[in-house]
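Trainee: Below is the structure I would like to discuss, written out as C-alpha cells.
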Amino acid sequence: MTGSCSKRKNVKMSKTLTGLGAGLCVSLFLAAFGATAQPVYDPMRPSMSPLAPLATGPTAQGSQAELDPKLGNLPVGPGAEDTYYQCVGCHSTAIIRQQRLTDDRWDYLWTWMIDEQGMQEPEPEIAEQILAYLKTHFSSER
Amino acid sequence: MTDKITDGRSDKAEIADEPTRRTILKATGLTALGAYVGMNIPFEGNLMALAQGMSEEDIMSGKNGLVLLNDRPLNAETPAHLLDDDVTPYKHFFIRNNGFVPDSALDMDAEGWTLTIDGEVDTALELSIGELKSRFEEVTLRLVLECGGNGRAFFNPGASGNQWTTGAVGCADWTGVRLSDVLNAAGIKSSAVYTAHHSDDPHLSGDPDKEVISRGVPIEKALAEGGIIAWAMNGEPIPAVHGFPLRLVIPGYPGSASQKYVNRIQIRDQEHDGAKMTGYSYRVPAYPVAPGTEVPEEDMVVLTDMPVKSLITFPQSGAQAAAGEAMEVRGHAWSGSGDVASVDISIDFGATWTPAALEAPVNKFAWQRFRADVTLPQAGYYEVWARATDLNGVSQPPVVPGWNPRGYGNNMQHRIAMIAT
C-alpha cells in the first residue's frame, strides 16, 4: 500500500484520476483481506442500510437486485437507462441509491428538481417511466 | 500581507489544462470516485488536497477513513472512532457540499477576493481579506459544525438527502473575525431581520445564474457570541472543500448556515428566501407529525438550534475488554444552545445510568470531552450508550425523535458494542 501511495505523489496532475483509482484499489484490497476478526454486531446500523443498494438493497427485488455498473450501479429494470441519463446531468447515482422514500416524496422531489434545480423536464411518458422506476427501487412503501 | 496562498509549487504549466478537465468531468458526470461510494476512503499519506490545481477527486486523497456518501456533489462522513481528537483534523473532517468546489478554491487563489456587507445597513462595505484582517480583531474559536441532517439514515420512512448516520459533525479551530464586529461596522438598521449569505460555488446544473445554497440566520443570532468570518481552519488557510478563502461559521445552527466561499452578507428586512431556505430544505413541521406524513409547505418552519448530542469516540464499536476490569470510554458532547450540563453512560441498555466526567468547553460552542470508566461484569456482548443533557435539563432520547420529511435533528443516543472477554 505504501508503495502505491508514494508512487502517486509523482503522478502528474493529468494522470491523477487513474492514479487515485489505482491507489484506492490497492488499499481497499488490503483492507478487505487484512481484516481477520469476525464483524461484531453494530448497534448503530440503520435498520435499512443507507448505502444498501451497493450490497443489499431496499428494492422491490430485495437484496438480490442486479446492479448495472454501466448505469452507475442502478438496479437493472425498466426505466434504469432513462433514469441514469436524466439524473447524471446534475448529480451522480450515489444520491439516488441512498433513498427510500414515499411515493408522495418522489413526486415532490421531481417537481422541486424541475422548478428549483434547473432539471430539464423530459417527455411525459419518459417522466412517468423514471418516476415509476424510482418509486419501485428506492421506496419506503414497497 | 498577501491574500494569494501558495504552497511553494511553481509548476503552473502542469495545471494549465485543469479548468478544461474539470469542465469535462462536470459535464459528463464521470468521476473516478464514483466506484467508491459507500466505502471508507483510505488515507494516501499525502496532502494533495492542499496542493494547487487539484480536482475534486484529489480532495478525498487528503481525507482518511471517511465514508463517501456521494461523489458528485462530494459528501462524506466520519466514523465515530475517527472523531476522538479534541480538535478534528482536516483529514477527519466531514464533507457536506451542495454544489461544486469553485476553481478559485481548488487553486487556493484568493486574489481579489472581497466580502460585501449590504442591505439593511447604514454603510455598505466591500472588504478585501487584507482589510478584514487589519480592521477587525482576530479571534480563534473552537466550534462544532454539524449538518442538520446528521442522523437522517435512522428515520423510517426514509427522508430524502444524504443518509448520514452519526458522522456529519466535527469541531475545528476556526480563525477569523467576529461576524458581529463586521456587521456592526456596517451599522445594522432597526429594519434588519435576517442575514442572507452568498457565495460563488457552481451549481450542479451548470446554470451560472443559479445559487447552490444561500441561507441566513435571524439578525439576533448573527450578532450573538460565536459567529465568525473565518479564513483559517486549524491554523491553516481553509482547505478548498471547506470553503477557501472565506467562510462563515455560525455555531449551534445547522452547518448550512455557515456559508462556504462567502463573498456577500446581505442584511434583509424579512426572513431570507434564498436557495434551500424555503420549501422543505432545513425546515421541520411546525407541529408533531406521524412518520410519513405529507406536511404542507406553509406548515414547515426553519430549523434553528441543533439539539443536544453526544458521540462515543473511544473505543471503536466492537472493541474487546477484559471482564471485571475498568476501561475508559470517552467522547464528546455538544448542544446547539451552547453548553452541555452532564453526560451519563449506560452499559445495560439504558436501565441504569452512571455520570461521566465532563470537561468544560474551551469556549462556547466547542464540544466537551466526557470520560467514564466502565467495568463489564462478565464475558459477553454489551452496549455502551451515552446520553447528554443540556443546561435546560433536556436530554437525548433513546429512540429517533420526531419524524420530519427531510430527516433533520436526530439526536438519539449513540451506542457502541463492546465485547467482554
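Identifiers in the C-alpha cells: chain A, B, ... in order shown; residue index from 1 per chain; ligand index from 1 in order shown.
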Near range 222-229 of chain B, within 9 Å and counting only C-alpha atoms, which residues show up once chain neighbours fewer than 2 positions away are dropped, as a ChimeraX atom specification?

Mentor: /B:139-141,143,174-184,194-195,216-220,231,246-252,258,262,363-365

Trainee: Write the residues of the selection above to a file with C-alpha atoms, as a PDB file, in the first residue's frame.

Mentor:
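again-v3.pdb, written as the output of this step:
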ATOM      1  CA  VAL B 139     -10.172  35.560  17.091  1.00  0.00           C
ATOM      2  CA  THR B 140      -9.692  31.794  17.132  1.00  0.00           C
ATOM      3  CA  LEU B 141     -12.626  29.748  18.364  1.00  0.00           C
ATOM      4  CA  LEU B 143     -16.575  25.476  17.080  1.00  0.00           C
ATOM      5  CA  TRP B 174     -11.520  28.499  13.258  1.00  0.00           C
ATOM      6  CA  THR B 175      -9.608  31.768  12.939  1.00  0.00           C
ATOM      7  CA  GLY B 176     -11.163  34.947  11.620  1.00  0.00           C
ATOM      8  CA  VAL B 177     -13.077  37.962  12.836  1.00  0.00           C
ATOM      9  CA  ARG B 178     -16.329  38.149  14.759  1.00  0.00           C
ATOM     10  CA  LEU B 179     -19.323  38.336  12.455  1.00  0.00           C
ATOM     11  CA  SER B 180     -20.882  40.822  14.899  1.00  0.00           C
ATOM     12  CA  ASP B 181     -17.856  43.166  14.664  1.00  0.00           C
ATOM     13  CA  VAL B 182     -18.114  43.326  10.880  1.00  0.00           C
ATOM     14  CA  LEU B 183     -21.900  43.731  10.833  1.00  0.00           C
ATOM     15  CA  ASN B 184     -21.738  46.448  13.499  1.00  0.00           C
ATOM     16  CA  TYR B 194     -32.323  38.231   8.778  1.00  0.00           C
ATOM     17  CA  THR B 195     -28.953  37.666   7.102  1.00  0.00           C
ATOM     18  CA  GLY B 216     -29.192  33.046   6.560  1.00  0.00           C
ATOM     19  CA  VAL B 217     -29.913  33.407  10.268  1.00  0.00           C
ATOM     20  CA  PRO B 218     -32.031  35.791  12.346  1.00  0.00           C
ATOM     21  CA  ILE B 219     -30.111  39.030  12.914  1.00  0.00           C
ATOM     22  CA  GLU B 220     -30.037  38.313  16.669  1.00  0.00           C
ATOM     23  CA  TRP B 231     -10.062  32.337   6.836  1.00  0.00           C
ATOM     24  CA  LEU B 246     -13.559  32.740   3.473  1.00  0.00           C
ATOM     25  CA  ARG B 247     -16.450  31.058   5.177  1.00  0.00           C
ATOM     26  CA  LEU B 248     -18.934  31.767   7.892  1.00  0.00           C
ATOM     27  CA  VAL B 249     -19.001  29.642  10.997  1.00  0.00           C
ATOM     28  CA  ILE B 250     -22.246  30.192  12.888  1.00  0.00           C
ATOM     29  CA  PRO B 251     -22.205  27.521  15.589  1.00  0.00           C
ATOM     30  CA  GLY B 252     -25.305  25.958  17.095  1.00  0.00           C
ATOM     31  CA  SER B 258     -22.131  28.545   7.830  1.00  0.00           C
ATOM     32  CA  VAL B 262     -18.746  33.537   1.268  1.00  0.00           C
ATOM     33  CA  ASN B 363     -15.153  28.308  24.513  1.00  0.00           C
ATOM     34  CA  LYS B 364     -18.907  28.402  23.994  1.00  0.00           C
ATOM     35  CA  PHE B 365     -19.967  26.054  21.157  1.00  0.00           C
TER      36      PHE B 365
END

Trainee: Which of these residues is nearest to chain A, using only C-alpha atoms: B:Val241, B:Leu145, B:Ala76, B:Val289?

Mentor: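 When distances to chain A are compared using only C-alpha atoms, the smallest one comes from B:Ala76.
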
Trainee: DSSP on the backbone, then: every residue of range 83-123 of chain A marked alpha helix (DSSP H), written as a ChimeraX atom specification.

Mentor: /A:83-87,93-97,103-115

Trainee: Take the residues from that selection and write them out as an mmCIF file, in the first residue's frame, keeping N, CA and C atoms.

Mentor:
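File produced: again09.cif:
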data_model
loop_
_atom_site.group_PDB
_atom_site.id
_atom_site.type_symbol
_atom_site.label_atom_id
_atom_site.label_comp_id
_atom_site.auth_asym_id
_atom_site.auth_seq_id
_atom_site.Cartn_x
_atom_site.Cartn_y
_atom_site.Cartn_z
ATOM 1 N N THR A 83 -33.533 6.813 -16.418
ATOM 2 C CA THR A 83 -33.257 7.422 -15.115
ATOM 3 C C THR A 83 -31.811 7.886 -15.054
ATOM 4 N N TYR A 84 -30.906 7.008 -15.492
ATOM 5 C CA TYR A 84 -29.480 7.329 -15.445
ATOM 6 C C TYR A 84 -29.192 8.611 -16.219
ATOM 7 N N TYR A 85 -29.618 8.654 -17.474
ATOM 8 C CA TYR A 85 -29.265 9.806 -18.313
ATOM 9 C C TYR A 85 -30.007 11.073 -17.892
ATOM 10 N N GLN A 86 -31.186 10.929 -17.317
ATOM 11 C CA GLN A 86 -31.902 12.102 -16.833
ATOM 12 C C GLN A 86 -31.189 12.719 -15.624
ATOM 13 N N CYS A 87 -30.638 11.866 -14.771
ATOM 14 C CA CYS A 87 -30.170 12.337 -13.458
ATOM 15 C C CYS A 87 -28.709 12.767 -13.437
ATOM 16 N N THR A 93 -25.299 8.911 -9.363
ATOM 17 C CA THR A 93 -26.355 7.991 -8.924
ATOM 18 C C THR A 93 -26.261 7.696 -7.429
ATOM 19 N N ALA A 94 -25.149 8.105 -6.799
ATOM 20 C CA ALA A 94 -24.962 7.780 -5.380
ATOM 21 C C ALA A 94 -26.093 8.346 -4.524
ATOM 22 N N ILE A 95 -26.563 9.546 -4.872
ATOM 23 C CA ILE A 95 -27.619 10.142 -4.045
ATOM 24 C C ILE A 95 -28.951 9.433 -4.291
ATOM 25 N N ILE A 96 -29.167 8.948 -5.514
ATOM 26 C CA ILE A 96 -30.408 8.193 -5.782
ATOM 27 C C ILE A 96 -30.401 6.904 -4.970
ATOM 28 N N ARG A 97 -29.250 6.232 -5.016
ATOM 29 C CA ARG A 97 -29.170 4.901 -4.421
ATOM 30 C C ARG A 97 -29.299 4.915 -2.898
ATOM 31 N N ASP A 103 -43.980 7.532 -2.098
ATOM 32 C CA ASP A 103 -44.306 7.968 -3.464
ATOM 33 C C ASP A 103 -44.546 9.485 -3.508
ATOM 34 N N ASP A 104 -45.228 9.990 -2.468
ATOM 35 C CA ASP A 104 -45.501 11.430 -2.420
ATOM 36 C C ASP A 104 -44.215 12.245 -2.428
ATOM 37 N N ARG A 105 -43.210 11.753 -1.677
ATOM 38 C CA ARG A 105 -41.936 12.487 -1.621
ATOM 39 C C ARG A 105 -41.214 12.431 -2.964
ATOM 40 N N TRP A 106 -41.302 11.337 -3.675
ATOM 41 C CA TRP A 106 -40.695 11.267 -5.017
ATOM 42 C C TRP A 106 -41.381 12.255 -5.961
ATOM 43 N N ASP A 107 -42.720 12.318 -5.870
ATOM 44 C CA ASP A 107 -43.444 13.282 -6.713
ATOM 45 C C ASP A 107 -42.993 14.701 -6.397
ATOM 46 N N TYR A 108 -42.835 14.997 -5.096
ATOM 47 C CA TYR A 108 -42.412 16.333 -4.701
ATOM 48 C C TYR A 108 -40.992 16.624 -5.210
ATOM 49 N N LEU A 109 -40.092 15.657 -4.998
ATOM 50 C CA LEU A 109 -38.699 15.875 -5.408
ATOM 51 C C LEU A 109 -38.594 16.128 -6.910
ATOM 52 N N TRP A 110 -39.403 15.403 -7.656
ATOM 53 C CA TRP A 110 -39.403 15.559 -9.116
ATOM 54 C C TRP A 110 -39.755 17.008 -9.493
ATOM 55 N N THR A 111 -40.823 17.529 -8.898
ATOM 56 C CA THR A 111 -41.246 18.903 -9.151
ATOM 57 C C THR A 111 -40.187 19.895 -8.672
ATOM 58 N N TRP A 112 -39.621 19.620 -7.517
ATOM 59 C CA TRP A 112 -38.579 20.501 -6.939
ATOM 60 C C TRP A 112 -37.358 20.571 -7.861
ATOM 61 N N MET A 113 -36.978 19.428 -8.408
ATOM 62 C CA MET A 113 -35.805 19.427 -9.289
ATOM 63 C C MET A 113 -36.061 20.244 -10.558
ATOM 64 N N ILE A 114 -37.289 20.182 -11.062
ATOM 65 C CA ILE A 114 -37.626 20.961 -12.257
ATOM 66 C C ILE A 114 -37.761 22.451 -11.908
ATOM 67 N N ASP A 115 -38.529 22.749 -10.846
ATOM 68 C CA ASP A 115 -38.828 24.149 -10.524
ATOM 69 C C ASP A 115 -37.645 24.889 -9.923
#

Trainee: Near range 125-131 of chain B, counting only C-alpha atoms, which residues have an atom at most 6 Å away, once you skip same-chain residues fewer than 3 positions from it, shown as an MDAnalysis selection string?

Mentor: chainID B and resid 114:117 134:135

Trainee: Using the selection just defined, write its residues with C-alpha atoms as a PDB file, in the first residue's frame.

Mentor:
ATOM      1  CA  THR B 114     -13.864  40.651  -1.433  1.00  0.00           C
ATOM      2  CA  LEU B 115     -16.667  40.352   1.086  1.00  0.00           C
ATOM      3  CA  THR B 116     -19.631  42.673   0.643  1.00  0.00           C
ATOM      4  CA  ILE B 117     -21.921  43.651   3.532  1.00  0.00           C
ATOM      5  CA  SER B 134      -6.367  44.704   9.551  1.00  0.00           C
ATOM      6  CA  ARG B 135      -9.629  46.380  10.567  1.00  0.00           C
TER       7      ARG B 135
END

Trainee: With distances taken over only C-alpha atoms, which residue among B:Asn392, B:Thr352, B:Ser310, B:Ser205 lies nearest chain A?

Mentor: B:Ser205

Trainee: Could you pull out the strand (DSSP E) residues of range 126-292 of chain B from DSSP and send them as an MDAnalysis selection string?

Mentor: chainID B and resid 126:128 138:146 169:178 194:199 228:233 236:237 247:249 262:268 283:285

Trainee: Please report, as a Markdown table, each residue of range 101-208 of chain B lying at most 8 Å from range 396-412 of chain B, together with the nearest pair of atoms and the separation in Å rounded to one decimal; use only C-alpha atoms, and order rows by chain and ascending residue number.

Mentor:
| residue | atom | partner | partner_atom | distance |
| --- | --- | --- | --- | --- |
| B:Gly148 | CA | B:Tyr408 | CA | 5.4 |
| B:Gly149 | CA | B:Tyr408 | CA | 4.6 |
| B:Asn150 | CA | B:Asn410 | CA | 6.7 |
| B:Gly151 | CA | B:Asn410 | CA | 5.1 |
| B:Arg152 | CA | B:Gly407 | CA | 4.8 |
| B:Ala153 | CA | B:Gly407 | CA | 7.9 |
| B:Phe154 | CA | B:Val400 | CA | 6.9 |
| B:Phe155 | CA | B:Gly407 | CA | 6.4 |
| B:Asn156 | CA | B:Trp403 | CA | 7.7 |
| B:Gly158 | CA | B:Gly407 | CA | 7.7 |
| B:Ala159 | CA | B:Arg406 | CA | 4.8 |
| B:Ser160 | CA | B:Arg406 | CA | 5.6 |
| B:Gly161 | CA | B:Arg406 | CA | 7.2 |

Trainee: What does the structure give for the distance between CA of Ile188 in chain B and CA of Arg264 in chain B, in Å to one decimal?

Mentor: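 If I compute the distance from CA of Ile188 in chain B to CA of Arg264 in chain B, I get 15.2 Å.
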
Trainee: Can you tell me which residues surround Ala420 in chain B at a distance of at most 12 Å, considering only C-alpha atoms, apart from same-chain residues fewer than 3 positions away, and format the answer as an MDAnalysis selection string?

Mentor: chainID B and resid 318:327 347 374:384 417

Trainee: Write the residues of the preceding selection, restricted to N, CA and C atoms, as an mmCIF file, in the first residue's frame.

Mentor:
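This is the output file result_27.cif:
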data_model
loop_
_atom_site.group_PDB
_atom_site.id
_atom_site.type_symbol
_atom_site.label_atom_id
_atom_site.label_comp_id
_atom_site.auth_asym_id
_atom_site.auth_seq_id
_atom_site.Cartn_x
_atom_site.Cartn_y
_atom_site.Cartn_z
ATOM 1 N N GLY B 318 -17.367 -2.376 18.859
ATOM 2 C CA GLY B 318 -16.894 -3.737 18.618
ATOM 3 C C GLY B 318 -15.628 -4.074 19.372
ATOM 4 N N ALA B 319 -15.102 -3.122 20.153
ATOM 5 C CA ALA B 319 -13.844 -3.351 20.874
ATOM 6 C C ALA B 319 -14.014 -4.420 21.950
ATOM 7 N N GLN B 320 -12.916 -5.064 22.251
ATOM 8 C CA GLN B 320 -12.921 -6.058 23.324
ATOM 9 C C GLN B 320 -12.387 -5.444 24.614
ATOM 10 N N ALA B 321 -12.862 -5.953 25.738
ATOM 11 C CA ALA B 321 -12.372 -5.504 27.045
ATOM 12 C C ALA B 321 -12.372 -6.701 27.981
ATOM 13 N N ALA B 322 -11.453 -6.675 28.940
ATOM 14 C CA ALA B 322 -11.397 -7.780 29.905
ATOM 15 C C ALA B 322 -12.552 -7.634 30.898
ATOM 16 N N ALA B 323 -13.312 -8.698 31.092
ATOM 17 C CA ALA B 323 -14.415 -8.673 32.053
ATOM 18 C C ALA B 323 -13.875 -8.363 33.445
ATOM 19 N N GLY B 324 -14.616 -7.520 34.168
ATOM 20 C CA GLY B 324 -14.244 -7.211 35.544
ATOM 21 C C GLY B 324 -13.178 -6.145 35.686
ATOM 22 N N GLU B 325 -12.665 -5.649 34.581
ATOM 23 C CA GLU B 325 -11.626 -4.615 34.659
ATOM 24 C C GLU B 325 -12.152 -3.306 34.082
ATOM 25 N N ALA B 326 -11.779 -2.218 34.743
ATOM 26 C CA ALA B 326 -12.241 -0.904 34.295
ATOM 27 C C ALA B 326 -11.572 -0.525 32.981
ATOM 28 N N MET B 327 -12.366 0.062 32.091
ATOM 29 C CA MET B 327 -11.828 0.531 30.822
ATOM 30 C C MET B 327 -12.428 1.908 30.521
ATOM 31 N N ILE B 347 -24.421 0.748 30.535
ATOM 32 C CA ILE B 347 -23.932 -0.487 29.902
ATOM 33 C C ILE B 347 -25.016 -1.560 29.931
ATOM 34 N N VAL B 374 -15.774 2.169 32.501
ATOM 35 C CA VAL B 374 -16.821 1.150 32.560
ATOM 36 C C VAL B 374 -16.185 -0.205 32.876
ATOM 37 N N THR B 375 -16.891 -0.992 33.673
ATOM 38 C CA THR B 375 -16.439 -2.338 34.003
ATOM 39 C C THR B 375 -17.534 -3.309 33.574
ATOM 40 N N LEU B 376 -17.215 -4.118 32.598
ATOM 41 C CA LEU B 376 -18.198 -5.071 32.095
ATOM 42 C C LEU B 376 -18.122 -6.316 32.979
ATOM 43 N N PRO B 377 -19.248 -6.677 33.656
ATOM 44 C CA PRO B 377 -19.186 -7.684 34.732
ATOM 45 C C PRO B 377 -18.742 -9.070 34.292
ATOM 46 N N GLN B 378 -19.219 -9.558 33.160
ATOM 47 C CA GLN B 378 -18.878 -10.936 32.784
ATOM 48 C C GLN B 378 -18.692 -11.008 31.276
ATOM 49 N N ALA B 379 -18.116 -12.082 30.796
ATOM 50 C CA ALA B 379 -17.856 -12.217 29.366
ATOM 51 C C ALA B 379 -19.162 -12.146 28.575
ATOM 52 N N GLY B 380 -19.103 -11.484 27.437
ATOM 53 C CA GLY B 380 -20.297 -11.418 26.596
ATOM 54 C C GLY B 380 -20.439 -10.092 25.879
ATOM 55 N N TYR B 381 -21.621 -9.897 25.285
ATOM 56 C CA TYR B 381 -21.902 -8.708 24.470
ATOM 57 C C TYR B 381 -22.522 -7.594 25.314
ATOM 58 N N TYR B 382 -21.973 -6.421 25.187
ATOM 59 C CA TYR B 382 -22.523 -5.252 25.869
ATOM 60 C C TYR B 382 -22.694 -4.127 24.864
ATOM 61 N N GLU B 383 -23.576 -3.214 25.225
ATOM 62 C CA GLU B 383 -23.620 -1.951 24.509
ATOM 63 C C GLU B 383 -23.368 -0.829 25.502
ATOM 64 N N VAL B 384 -22.539 0.109 25.078
ATOM 65 C CA VAL B 384 -22.335 1.315 25.874
ATOM 66 C C VAL B 384 -23.138 2.418 25.216
ATOM 67 N N ALA B 417 -20.918 -1.185 20.517
ATOM 68 C CA ALA B 417 -20.823 -2.559 21.014
ATOM 69 C C ALA B 417 -19.485 -2.735 21.718
#

Trainee: Please list as a list of chain:residue names every residue within 8 Å of range 133-136 of chain A, counting only C-alpha atoms and excluding residues in the same chain fewer than 4 positions away.

Mentor: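 Answer for this query is A:Thr59, A:Ala60, A:Gly77, A:Pro78, A:Gly79, A:Ala80, A:Thr83, A:Leu101, A:Thr102, A:Asp103, A:Trp106, A:Gln129, A:Arg142.
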
Trainee: How would the residues just picked look written out with all heavy atoms as a compact mmCIF listing (two decimals), in the first residue's frame?

Mentor:
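Output file again-v8.txt follows:
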# COMPACT_ATOMS: atom_id res chain seq x y z
N THR A 59 -35.00 -2.68 -2.25
CA THR A 59 -35.70 -2.57 -3.53
C THR A 59 -36.78 -3.62 -3.60
O THR A 59 -36.82 -4.57 -2.82
CB THR A 59 -34.73 -2.83 -4.70
OG1 THR A 59 -34.39 -4.21 -4.71
CG2 THR A 59 -33.46 -2.01 -4.56
N ALA A 60 -37.65 -3.43 -4.56
CA ALA A 60 -38.76 -4.37 -4.72
C ALA A 60 -38.23 -5.78 -4.98
O ALA A 60 -38.85 -6.77 -4.64
CB ALA A 60 -39.65 -3.92 -5.87
N GLY A 77 -33.58 -2.79 -14.50
CA GLY A 77 -35.05 -2.80 -14.54
C GLY A 77 -35.55 -1.79 -15.54
O GLY A 77 -34.80 -0.91 -15.97
N PRO A 78 -36.86 -1.89 -15.89
CA PRO A 78 -37.43 -0.93 -16.84
C PRO A 78 -37.28 0.50 -16.32
O PRO A 78 -37.63 0.77 -15.17
CB PRO A 78 -38.91 -1.33 -16.91
CG PRO A 78 -38.98 -2.71 -16.34
CD PRO A 78 -37.84 -2.86 -15.39
N GLY A 79 -36.71 1.36 -17.15
CA GLY A 79 -36.55 2.76 -16.74
C GLY A 79 -35.16 3.10 -16.24
O GLY A 79 -34.84 4.27 -16.03
N ALA A 80 -34.32 2.08 -16.05
CA ALA A 80 -33.00 2.34 -15.48
C ALA A 80 -32.18 3.27 -16.37
O ALA A 80 -31.55 4.22 -15.89
CB ALA A 80 -32.26 1.02 -15.24
N THR A 83 -33.53 6.81 -16.42
CA THR A 83 -33.26 7.42 -15.12
C THR A 83 -31.81 7.89 -15.05
O THR A 83 -31.52 9.01 -14.65
CB THR A 83 -33.54 6.41 -13.98
OG1 THR A 83 -34.90 6.00 -14.07
CG2 THR A 83 -33.26 7.03 -12.62
N LEU A 101 -38.01 6.39 -0.14
CA LEU A 101 -38.99 7.45 0.13
C LEU A 101 -40.40 7.01 -0.18
O LEU A 101 -40.63 6.05 -0.91
CB LEU A 101 -38.64 8.68 -0.72
CG LEU A 101 -37.20 9.19 -0.63
CD1 LEU A 101 -36.98 10.34 -1.60
CD2 LEU A 101 -36.86 9.60 0.78
N THR A 102 -41.34 7.76 0.35
CA THR A 102 -42.73 7.54 -0.02
C THR A 102 -42.94 8.04 -1.46
O THR A 102 -42.19 8.88 -1.96
CB THR A 102 -43.68 8.33 0.91
OG1 THR A 102 -43.39 9.73 0.79
CG2 THR A 102 -43.51 7.92 2.37
N ASP A 103 -43.98 7.53 -2.10
CA ASP A 103 -44.31 7.97 -3.46
C ASP A 103 -44.55 9.48 -3.51
O ASP A 103 -44.13 10.16 -4.44
CB ASP A 103 -45.56 7.24 -3.97
CG ASP A 103 -45.29 5.76 -4.23
OD1 ASP A 103 -44.12 5.34 -4.08
OD2 ASP A 103 -46.24 5.04 -4.58
N TRP A 106 -41.30 11.34 -3.68
CA TRP A 106 -40.70 11.27 -5.02
C TRP A 106 -41.38 12.26 -5.96
O TRP A 106 -40.73 12.94 -6.74
CB TRP A 106 -40.74 9.85 -5.59
CG TRP A 106 -39.57 8.99 -5.18
CD1 TRP A 106 -39.61 7.79 -4.52
CD2 TRP A 106 -38.18 9.27 -5.42
NE1 TRP A 106 -38.33 7.32 -4.32
CE2 TRP A 106 -37.44 8.20 -4.86
CE3 TRP A 106 -37.48 10.31 -6.02
CZ2 TRP A 106 -36.04 8.14 -4.92
CZ3 TRP A 106 -36.08 10.27 -6.07
CH2 TRP A 106 -35.39 9.19 -5.52
N GLN A 129 -42.05 6.91 -16.68
CA GLN A 129 -41.25 5.70 -16.53
C GLN A 129 -40.16 5.89 -15.47
O GLN A 129 -39.89 5.00 -14.66
CB GLN A 129 -40.61 5.32 -17.87
CG GLN A 129 -39.88 3.98 -17.79
CD GLN A 129 -39.68 3.36 -19.15
OE1 GLN A 129 -39.39 4.04 -20.11
NE2 GLN A 129 -39.84 2.05 -19.22
N ARG A 142 -42.56 -0.12 -0.60
CA ARG A 142 -42.63 -1.47 -1.17
C ARG A 142 -41.26 -2.13 -1.20
O ARG A 142 -40.27 -1.50 -0.92
CB ARG A 142 -43.22 -1.44 -2.59
CG ARG A 142 -42.53 -0.49 -3.55
CD ARG A 142 -43.31 -0.35 -4.83
NE ARG A 142 -44.58 0.34 -4.64
CZ ARG A 142 -44.70 1.68 -4.63
NH1 ARG A 142 -43.64 2.43 -4.79
NH2 ARG A 142 -45.85 2.26 -4.43
